[in-house]
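The file coords07.cif comes next; it holds mmCIF, C-alpha atoms and all ligand atoms.
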data_protein
loop_
_atom_site.label_atom_id
_atom_site.label_comp_id
_atom_site.auth_asym_id
_atom_site.auth_seq_id
_atom_site.Cartn_x
_atom_site.Cartn_y
_atom_site.Cartn_z
CA MET B 1 124.62 127.61 165.24
CA SER B 2 125.47 126.22 161.83
CA ILE B 3 126.21 122.68 160.74
CA SER B 4 127.12 121.40 157.32
CA ARG B 5 124.87 119.21 155.24
CA ARG B 6 127.33 116.36 155.75
CA GLU B 7 127.04 116.72 159.55
CA PHE B 8 123.26 116.88 159.26
CA LEU B 9 123.19 113.65 157.29
CA GLY B 10 125.57 112.02 159.72
CA ALA B 11 123.52 113.10 162.71
CA GLY B 12 120.28 111.63 161.43
CA ALA B 13 118.80 108.30 162.41
CA THR B 14 120.29 105.49 160.34
CA ALA B 15 116.92 104.45 159.03
CA ALA B 16 116.35 107.88 157.51
CA VAL B 17 119.74 108.57 155.95
CA GLY B 18 118.65 107.05 152.68
CA VAL B 19 115.83 109.54 152.49
CA ALA B 20 118.12 112.49 153.04
CA LEU B 21 120.70 111.19 150.57
CA ALA B 22 117.96 110.89 147.99
CA GLY B 23 117.61 114.71 148.08
CA PRO B 24 119.13 117.15 145.59
CA ALA B 25 122.72 116.05 146.00
CA GLN B 26 123.97 118.60 143.47
CA ALA B 27 122.85 121.51 145.61
CA GLU B 28 125.12 122.53 148.48
CA SER B 29 123.18 123.54 151.54
CA VAL B 30 123.75 125.00 154.97
CA ILE B 31 121.51 124.13 157.85
CA VAL B 32 121.11 126.66 160.59
CA SER B 33 119.03 126.50 163.72
CA GLY B 34 118.03 129.41 165.95
CA VAL B 35 118.24 127.45 169.21
CA SER B 36 120.54 124.52 169.76
CA PRO B 37 118.90 121.09 169.55
CA ALA B 38 120.43 120.31 172.93
CA LEU B 39 118.50 123.20 174.47
CA ARG B 40 115.34 121.99 172.77
CA ARG B 41 115.76 118.60 174.42
CA LEU B 42 115.94 120.05 177.93
CA ALA B 43 113.40 119.26 180.67
CA ASP B 44 109.69 118.93 180.05
CA ASN B 45 108.39 122.11 178.46
CA ARG B 46 104.77 121.06 178.00
CA PRO B 47 102.16 122.18 177.30
CA ALA B 48 103.86 123.36 174.13
CA ILE B 49 102.57 124.63 170.83
CA ILE B 50 104.34 125.50 167.57
CA SER B 51 103.03 127.47 164.61
CA SER B 52 103.97 129.58 161.64
CA ALA B 53 105.20 133.01 162.72
CA ASN B 54 101.82 134.65 162.14
CA GLY B 55 100.55 132.51 165.03
CA ILE B 56 102.60 134.31 167.70
CA ARG B 57 99.45 135.59 169.45
CA GLY B 58 97.72 132.27 168.89
CA VAL B 59 100.38 130.09 170.50
CA ALA B 60 100.28 132.25 173.63
CA LYS B 61 96.50 131.88 173.82
CA ALA B 62 96.63 128.14 173.13
CA ARG B 63 99.18 127.56 175.86
CA GLU B 64 97.11 129.53 178.37
CA MET B 65 94.11 127.39 177.46
CA MET B 66 96.03 124.13 177.83
CA LEU B 67 97.40 125.26 181.21
CA SER B 68 93.75 125.53 182.23
CA GLY B 69 93.05 122.03 181.01
CA ALA B 70 91.85 122.66 177.44
CA ASP B 71 91.94 119.94 174.82
CA PRO B 72 94.97 120.38 172.47
CA LEU B 73 92.85 120.68 169.32
CA ASP B 74 90.44 123.17 170.91
CA ALA B 75 93.45 125.21 172.03
CA ALA B 76 95.12 125.12 168.61
CA ILE B 77 91.90 126.09 166.84
CA ALA B 78 91.35 128.99 169.25
CA GLY B 79 94.90 130.04 168.36
CA VAL B 80 94.35 130.03 164.59
CA ASN B 81 90.94 131.70 164.95
CA ILE B 82 92.82 134.90 165.88
CA GLN B 83 94.36 135.02 162.41
CA GLU B 84 91.23 133.82 160.61
CA LEU B 85 89.32 136.78 162.06
CA ASP B 86 92.12 139.33 161.57
CA PRO B 87 91.46 141.24 158.31
CA SER B 88 95.09 142.38 158.14
CA ASP B 89 96.36 138.79 157.65
CA HIS B 90 95.92 138.31 153.90
CA SER B 91 96.81 134.62 154.03
CA VAL B 92 93.82 133.29 155.91
CA GLY B 93 90.12 133.76 156.69
CA LEU B 94 88.58 137.24 156.63
CA GLY B 95 90.78 139.48 154.47
CA GLY B 96 92.47 136.55 152.72
CA LEU B 97 93.53 137.23 149.12
CA PRO B 98 90.93 135.90 146.67
CA ASN B 99 91.07 133.60 143.64
CA GLU B 100 91.38 134.96 140.10
CA ASP B 101 87.65 135.80 140.09
CA GLY B 102 87.95 137.89 143.26
CA VAL B 103 86.27 135.25 145.45
CA VAL B 104 87.87 134.19 148.75
CA GLN B 105 87.96 130.38 148.94
CA LEU B 106 89.28 128.88 152.17
CA ASP B 107 90.84 125.50 153.04
CA ALA B 108 91.38 123.94 156.48
CA SER B 109 91.95 120.59 158.15
CA CYS B 110 92.48 119.33 161.68
CA MET B 111 93.31 116.16 163.59
CA HIS B 112 92.60 115.13 167.17
CA GLY B 113 95.23 112.79 168.56
CA PRO B 114 93.39 111.19 171.52
CA THR B 115 90.39 110.11 169.43
CA ARG B 116 92.26 109.59 166.13
CA ARG B 117 89.72 111.67 164.23
CA ALA B 118 90.10 114.21 161.43
CA GLY B 119 88.04 116.81 159.58
CA ALA B 120 88.60 119.04 156.56
CA VAL B 121 86.99 121.57 154.23
CA GLY B 122 88.15 122.80 150.82
CA ALA B 123 87.20 125.81 148.68
CA LEU B 124 84.80 127.00 151.37
CA GLU B 125 83.24 130.43 150.69
CA ASP B 126 81.75 133.08 153.00
CA ILE B 127 82.63 131.48 156.37
CA ALA B 128 85.53 133.16 158.19
CA THR B 129 86.62 130.24 160.38
CA PRO B 130 87.14 127.15 158.19
CA SER B 131 89.15 125.54 161.01
CA LEU B 132 85.97 125.34 163.09
CA VAL B 133 83.98 124.02 160.13
CA ALA B 134 86.65 121.32 159.65
CA LYS B 135 86.27 120.41 163.33
CA ALA B 136 82.49 120.30 162.92
CA VAL B 137 82.92 117.85 160.01
CA MET B 138 85.04 115.77 162.39
CA ASP B 139 82.64 116.04 165.34
CA TYR B 140 79.27 115.71 163.63
CA THR B 141 79.68 113.60 160.48
CA ASP B 142 80.86 110.20 159.37
CA HIS B 143 82.96 111.96 156.72
CA ILE B 144 86.34 113.67 156.79
CA PHE B 145 86.41 116.09 153.86
CA LEU B 146 83.67 118.39 152.50
CA VAL B 147 84.31 120.85 149.65
CA GLY B 148 82.74 123.80 147.85
CA ALA B 149 78.99 124.35 147.96
CA GLY B 150 78.44 121.23 150.08
CA ALA B 151 80.92 122.45 152.69
CA LYS B 152 79.19 125.84 152.85
CA ARG B 153 75.73 124.29 153.12
CA PHE B 154 76.98 122.08 155.96
CA ALA B 155 78.50 125.10 157.73
CA LEU B 156 75.26 127.06 157.50
CA GLU B 157 73.31 124.06 158.82
CA MET B 158 75.75 123.93 161.74
CA GLY B 159 74.98 127.57 162.56
CA PHE B 160 78.06 129.30 161.13
CA LYS B 161 77.32 132.85 159.95
CA GLU B 162 77.74 133.84 156.32
CA GLN B 163 79.76 136.99 155.55
CA ASN B 164 81.65 138.61 152.67
CA LEU B 165 85.31 137.73 153.31
CA LEU B 166 86.74 140.03 150.62
CA THR B 167 87.78 143.14 152.55
CA ASP B 168 88.23 146.40 150.71
CA GLU B 169 92.00 146.18 151.16
CA ALA B 170 92.15 142.65 149.73
CA ARG B 171 89.90 143.72 146.84
CA GLN B 172 92.28 146.61 146.01
CA ILE B 173 95.24 144.20 146.00
CA TRP B 174 93.32 141.80 143.74
CA LEU B 175 92.39 144.65 141.35
CA LYS B 176 96.07 145.63 141.06
CA TRP B 177 96.95 142.05 140.23
CA LYS B 178 94.12 141.93 137.68
CA ALA B 179 95.28 145.14 136.01
CA ASN B 180 98.95 144.20 135.86
CA HIS B 181 99.34 140.47 135.38
CA ASP B 182 98.69 140.44 131.62
CA SER B 183 99.72 143.38 129.42
CA ASN B 184 97.57 142.05 126.53
CA ASP B 185 94.21 142.01 128.27
CA ALA B 186 91.60 144.79 128.29
CA TRP B 187 92.56 146.08 131.75
CA LEU B 188 94.86 149.12 131.62
CA ASP B 189 98.16 148.51 133.35
CA HIS B 190 99.05 150.78 136.25
CA ASP B 191 102.05 152.85 135.23
CA ASP B 192 102.94 153.65 138.82
CA ASP B 193 105.39 151.45 140.65
CA VAL B 194 102.88 148.81 141.62
CA LYS B 195 104.00 146.13 144.04
CA ILE B 196 101.55 143.26 143.93
CA ALA B 197 101.14 141.05 146.96
CA PHE B 198 101.14 137.31 146.47
CA THR B 199 100.72 134.62 149.06
CA HIS B 200 100.26 131.03 149.79
CA GLY B 201 100.86 131.91 153.37
CA THR B 202 98.82 129.96 155.84
CA ILE B 203 98.70 129.23 159.54
CA ASN B 204 99.57 125.81 160.91
CA MET B 205 99.46 125.07 164.66
CA ASN B 206 100.44 121.87 166.49
CA ALA B 207 99.85 121.47 170.23
CA VAL B 208 100.80 118.97 172.93
CA THR B 209 99.37 119.03 176.44
CA ALA B 210 101.27 118.39 179.67
CA SER B 211 100.08 114.77 179.55
CA GLY B 212 101.13 114.27 175.90
CA ASP B 213 97.83 114.56 174.05
CA ILE B 214 98.20 116.17 170.64
CA GLY B 215 96.14 118.22 168.19
CA SER B 216 96.94 119.90 164.87
CA VAL B 217 95.21 122.36 162.54
CA THR B 218 96.01 124.26 159.35
CA THR B 219 93.88 126.99 157.76
CA THR B 220 94.44 129.24 154.75
CA SER B 221 93.02 131.32 151.92
CA GLY B 222 95.47 129.42 149.74
CA MET B 223 97.48 130.57 146.77
CA SER B 224 96.43 134.11 145.84
CA TYR B 225 94.66 134.51 142.46
CA LYS B 226 94.37 130.74 142.10
CA ILE B 227 92.05 129.10 139.58
CA PRO B 228 88.61 128.86 141.21
CA GLY B 229 88.20 125.49 142.85
CA ARG B 230 91.91 124.97 143.50
CA VAL B 231 92.40 123.21 146.83
CA GLY B 232 95.86 123.30 148.40
CA ASP B 233 97.68 121.22 150.95
CA SER B 234 96.10 122.85 154.02
CA ALA B 235 92.84 120.99 153.49
CA ILE B 236 94.53 117.65 152.96
CA VAL B 237 95.01 115.46 156.02
CA GLY B 238 98.57 114.11 155.82
CA ALA B 239 99.82 117.05 153.73
CA GLY B 240 98.88 120.35 155.41
CA GLN B 241 98.82 118.82 158.88
CA TYR B 242 98.95 115.42 160.55
CA CYS B 243 98.96 114.17 164.10
CA ASP B 244 99.56 110.79 165.72
CA ASN B 245 99.01 110.75 169.48
CA ASP B 246 101.81 108.21 169.95
CA VAL B 247 104.42 110.31 168.13
CA GLY B 248 103.71 113.99 167.47
CA ALA B 249 102.25 116.40 164.97
CA ALA B 250 103.43 118.39 161.97
CA GLY B 251 102.16 120.83 159.39
CA SER B 252 103.25 123.14 156.62
CA THR B 253 102.97 126.57 155.05
CA GLY B 254 104.15 127.65 151.62
CA ARG B 255 103.63 126.14 148.19
CA GLY B 256 100.95 123.52 148.67
CA GLU B 257 101.53 121.90 145.29
CA ALA B 258 105.06 120.98 146.40
CA ASN B 259 103.88 119.60 149.73
CA ILE B 260 100.90 117.55 148.55
CA LYS B 261 103.11 115.32 146.39
CA ILE B 262 105.08 114.09 149.38
CA ALA B 263 102.24 113.97 151.93
CA GLY B 264 104.58 116.24 153.87
CA ALA B 265 103.02 116.39 157.34
CA PHE B 266 102.62 112.60 157.42
CA PHE B 267 106.20 112.24 156.18
CA VAL B 268 107.49 114.44 159.03
CA VAL B 269 105.56 112.50 161.68
CA GLU B 270 106.82 109.20 160.26
CA GLN B 271 110.39 110.52 160.36
CA MET B 272 109.90 111.36 164.05
CA ARG B 273 108.47 107.88 164.63
CA GLY B 274 111.72 106.52 163.16
CA GLY B 275 113.80 108.53 165.65
CA ALA B 276 114.46 111.85 163.92
CA SER B 277 114.19 115.03 165.97
CA PRO B 278 111.38 117.38 164.91
CA GLU B 279 113.89 119.68 163.19
CA GLU B 280 115.65 116.82 161.37
CA ALA B 281 112.27 115.48 160.28
CA CYS B 282 111.31 118.87 158.80
CA LEU B 283 114.63 119.15 156.96
CA ARG B 284 114.21 115.69 155.47
CA ALA B 285 110.72 116.59 154.26
CA LEU B 286 112.13 119.65 152.49
CA GLN B 287 114.77 117.51 150.82
CA ARG B 288 112.09 115.07 149.68
CA ALA B 289 109.86 117.89 148.39
CA ILE B 290 112.73 119.30 146.33
CA GLN B 291 113.54 115.85 145.01
CA MET B 292 109.92 115.60 143.82
CA THR B 293 109.83 119.07 142.23
CA GLU B 294 109.39 119.43 138.48
CA SER B 295 112.31 121.09 136.69
CA ARG B 296 110.39 124.26 135.70
CA LEU B 297 110.36 125.20 139.39
CA LEU B 298 114.09 124.56 139.97
CA ASP B 299 117.02 126.68 138.88
CA GLU B 300 120.05 125.20 137.17
CA ARG B 301 121.49 124.27 140.57
CA LYS B 302 118.30 122.46 141.61
CA ARG B 303 117.17 125.20 143.97
CA PRO B 304 113.43 125.72 144.20
CA ARG B 305 111.74 128.87 142.94
CA TYR B 306 109.25 128.64 145.80
CA ASP B 307 109.12 128.57 149.58
CA LEU B 308 107.98 125.73 151.80
CA THR B 309 108.15 125.37 155.58
CA TYR B 310 107.45 122.52 158.00
CA TYR B 311 106.66 122.77 161.72
CA ALA B 312 106.76 119.79 164.07
CA ILE B 313 106.26 118.91 167.71
CA ALA B 314 106.93 115.60 169.44
CA LYS B 315 104.80 113.98 172.13
CA ASP B 316 107.46 114.86 174.72
CA GLY B 317 107.41 118.58 173.80
CA ARG B 318 110.51 118.73 171.57
CA TYR B 319 109.89 120.94 168.57
CA GLY B 320 111.50 122.21 165.39
CA SER B 321 110.84 123.91 162.09
CA ALA B 322 112.65 124.18 158.76
CA ASN B 323 112.25 126.36 155.68
CA ILE B 324 113.95 125.99 152.30
CA TYR B 325 115.62 129.41 152.55
CA GLU B 326 117.01 131.31 155.53
CA HIS B 327 115.43 134.19 157.41
CA LEU B 328 112.12 132.66 158.32
CA GLN B 329 110.85 132.38 161.87
CA PHE B 330 108.29 130.22 163.60
CA ALA B 331 106.28 130.79 166.79
CA ILE B 332 106.59 128.60 169.87
CA ALA B 333 104.99 128.76 173.31
CA ASP B 334 106.19 126.48 176.08
CA ALA B 335 107.53 126.74 179.62
CA ARG B 336 109.84 129.53 178.43
CA GLY B 337 106.91 131.62 177.17
CA ALA B 338 105.74 132.61 173.70
CA ARG B 339 108.40 133.74 171.24
CA LEU B 340 109.68 133.63 167.67
CA GLU B 341 112.67 131.46 166.80
CA SER B 342 114.59 131.00 163.54
CA CYS B 343 113.72 128.08 161.30
CA ALA B 344 116.49 125.73 160.24
CA TYR B 345 117.08 125.98 156.51
CA LEU B 346 118.67 124.33 153.51
CA PHE B 347 119.92 127.34 151.53
CA THR B 348 121.08 130.84 152.39
CA ASP B 349 119.14 133.80 151.02
CA SER B 350 121.95 134.61 148.61
CA GLU B 351 121.40 131.19 147.04
CA ARG B 352 117.75 131.96 146.27
CA PRO B 353 117.10 131.91 142.50
CA ARG B 354 116.79 135.34 140.91
CA GLY B 355 115.48 136.47 137.56
CA ALA B 356 112.44 135.39 135.63
CA VAL B 357 110.58 133.59 138.38
CA PRO B 358 106.79 133.29 138.52
CA MET B 359 105.95 135.59 141.42
CA HIS B 360 103.33 133.36 142.93
CA THR B 361 105.85 130.60 143.44
CA LEU B 362 108.20 132.77 145.46
CA THR B 363 106.36 134.40 148.29
CA HIS B 364 105.04 132.99 151.48
N1 LIG W 401 99.97 126.12 151.78
C1 LIG W 401 98.86 126.83 151.35
C2 LIG W 401 98.46 126.58 149.98
O1 LIG W 401 99.30 126.31 149.13
O2 LIG W 401 97.29 126.67 149.69
#

Rendering of file as structure tokens:
Amino acid sequence: MSISRREFLGAGATAAVGVALAGPAQAESVIVSGVSPALRRLADNRPAIISSANGIRGVAKAREMMLSGADPLDAAIAGVNIQELDPSDHSVGLGGLPNEDGVVQLDASCMHGPTRRAGAVGALEDIATPSLVAKAVMDYTDHIFLVGAGAKRFALEMGFKEQNLLTDEARQIWLKWKANHDSNDAWLDHDDDVKIAFTHGTINMNAVTASGDIGSVTTTSGMSYKIPGRVGDSAIVGAGQYCDNDVGAAGSTGRGEANIKIAGAFFVVEQMRGGASPEEACLRALQRAIQMTESRLLDERKRPRYDLTYYAIAKDGRYGSANIYEHLQFAIADARGARLESCAYLFTDSERPRGAVPMHTLTH
């Protein structure tokens, strides 16, 4: 299915059209959805849970848990724990790509709809499951956000186990980056055809139970080779994830610096509150993020040199996701099972800027 940008704007709720029109009007865009919105509005599909594509195992587990009566946040966190503990996922937890010093620093945040509580940690070291530490901040403190050494001390006090999160594979990738990113430093460049991995990949998961209770969580190792101490959007309630038990939940993956400036997850939930479908709300957030992007990260046609994705679920189980460029998928588990579907998007892959682009801005 493919609709034009004009049709997309026309289809949106009147209250939100101004937001969409305020986007990068110079840039033509095509919006494509993997499953028709009509299908997504069919009968009650709850419990339902949406995540970034790396959460395909997690959404299946979370749905099973909710079918057995689990709390939506507990289910979502159990879902993301699979990736946090998987050393082959270099975007999160154990095996995540490190900062420029070779140290893995993790960010996470969560929200619990029924109790309207939130918790978050930033730049947390040596604990593989920051999502659970964020939930512990929510459950056991009067605070919402702990960072750095204080977050680690809190985690240890809560009984979390310390471990080295830099796997040998991630260390090898980091060493390649270190050797190749600056030809004037004292590290000899590899003369083989080195392909360096970059990420600000992440996992976001948003769950709604059969009775409409909602939870959301996002966890990440953040932008690879970042400056030590950098905290991205995943740790920030309202940016990396947000949930309102009356409306729905949303979260993001991709370039956190682009998302933080628009409080993206909050923006998406507020769009849904105003009547937008989850997919429309995600598309509007992308438009707003591009509108707020500095020119060095846009090409001459106002197309971003980075990726950003939103995921959203409504209280009634409707869901949707949108990415700036085509060919990204998201994971969903509902009454039709666990599966990957295509994200809606603003620009085709052929429209993606080429040429001298800072690598870390491009990859997911
Ligand atoms: N979205 C993950 C990050 O930028 O840290």

Task: Shell of 9 Å around ligand LIG 401 (chain W) (all atoms listed in the file), written as a ChimeraX atom specification - done: /B:91,106-107,199-203,218-224,230-235,240,252-260,308,364

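For the choices B:Gln329, B:Ser342, B:Gln172, B:Gln163, the atom-to-atom distance to Asn54 (chain B) is smallest for B:Gln329 when using only C-alpha atoms.
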
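For the pair CA of Ala338 (chain B) and CA of Leu286 (chain B), the separation is 25.7 Å.
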
Open item on the list: Quick check, in Å to one decimal: how far apart do CA of Glu270 (chain B) and CA of Asp349 (chain B) lie?
Closed with: 29.0 Å

Task: Distance query Ser109 (chain B) at most 12 Å, only C-alpha atoms, self and fewer than 6 positions along chain excluded, as a PyMOL selection string - done: chain B and resi 73+76-77+80+117-124+129-138+144-147+202-206+215-220+231-243+251-252+265

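Residue nearest Ile332 (chain B), chosen from B:Arg63, B:Gly148, B:Leu97, B:Gly248 and counting only C-alpha atoms: B:Arg63.
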
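Here the question is which of B:Asp126, B:Asp71, B:Glu64, B:Glu279 gets nearest to Pro98 (chain B) using all atoms listed in the file, and that residue is B:Asp126.
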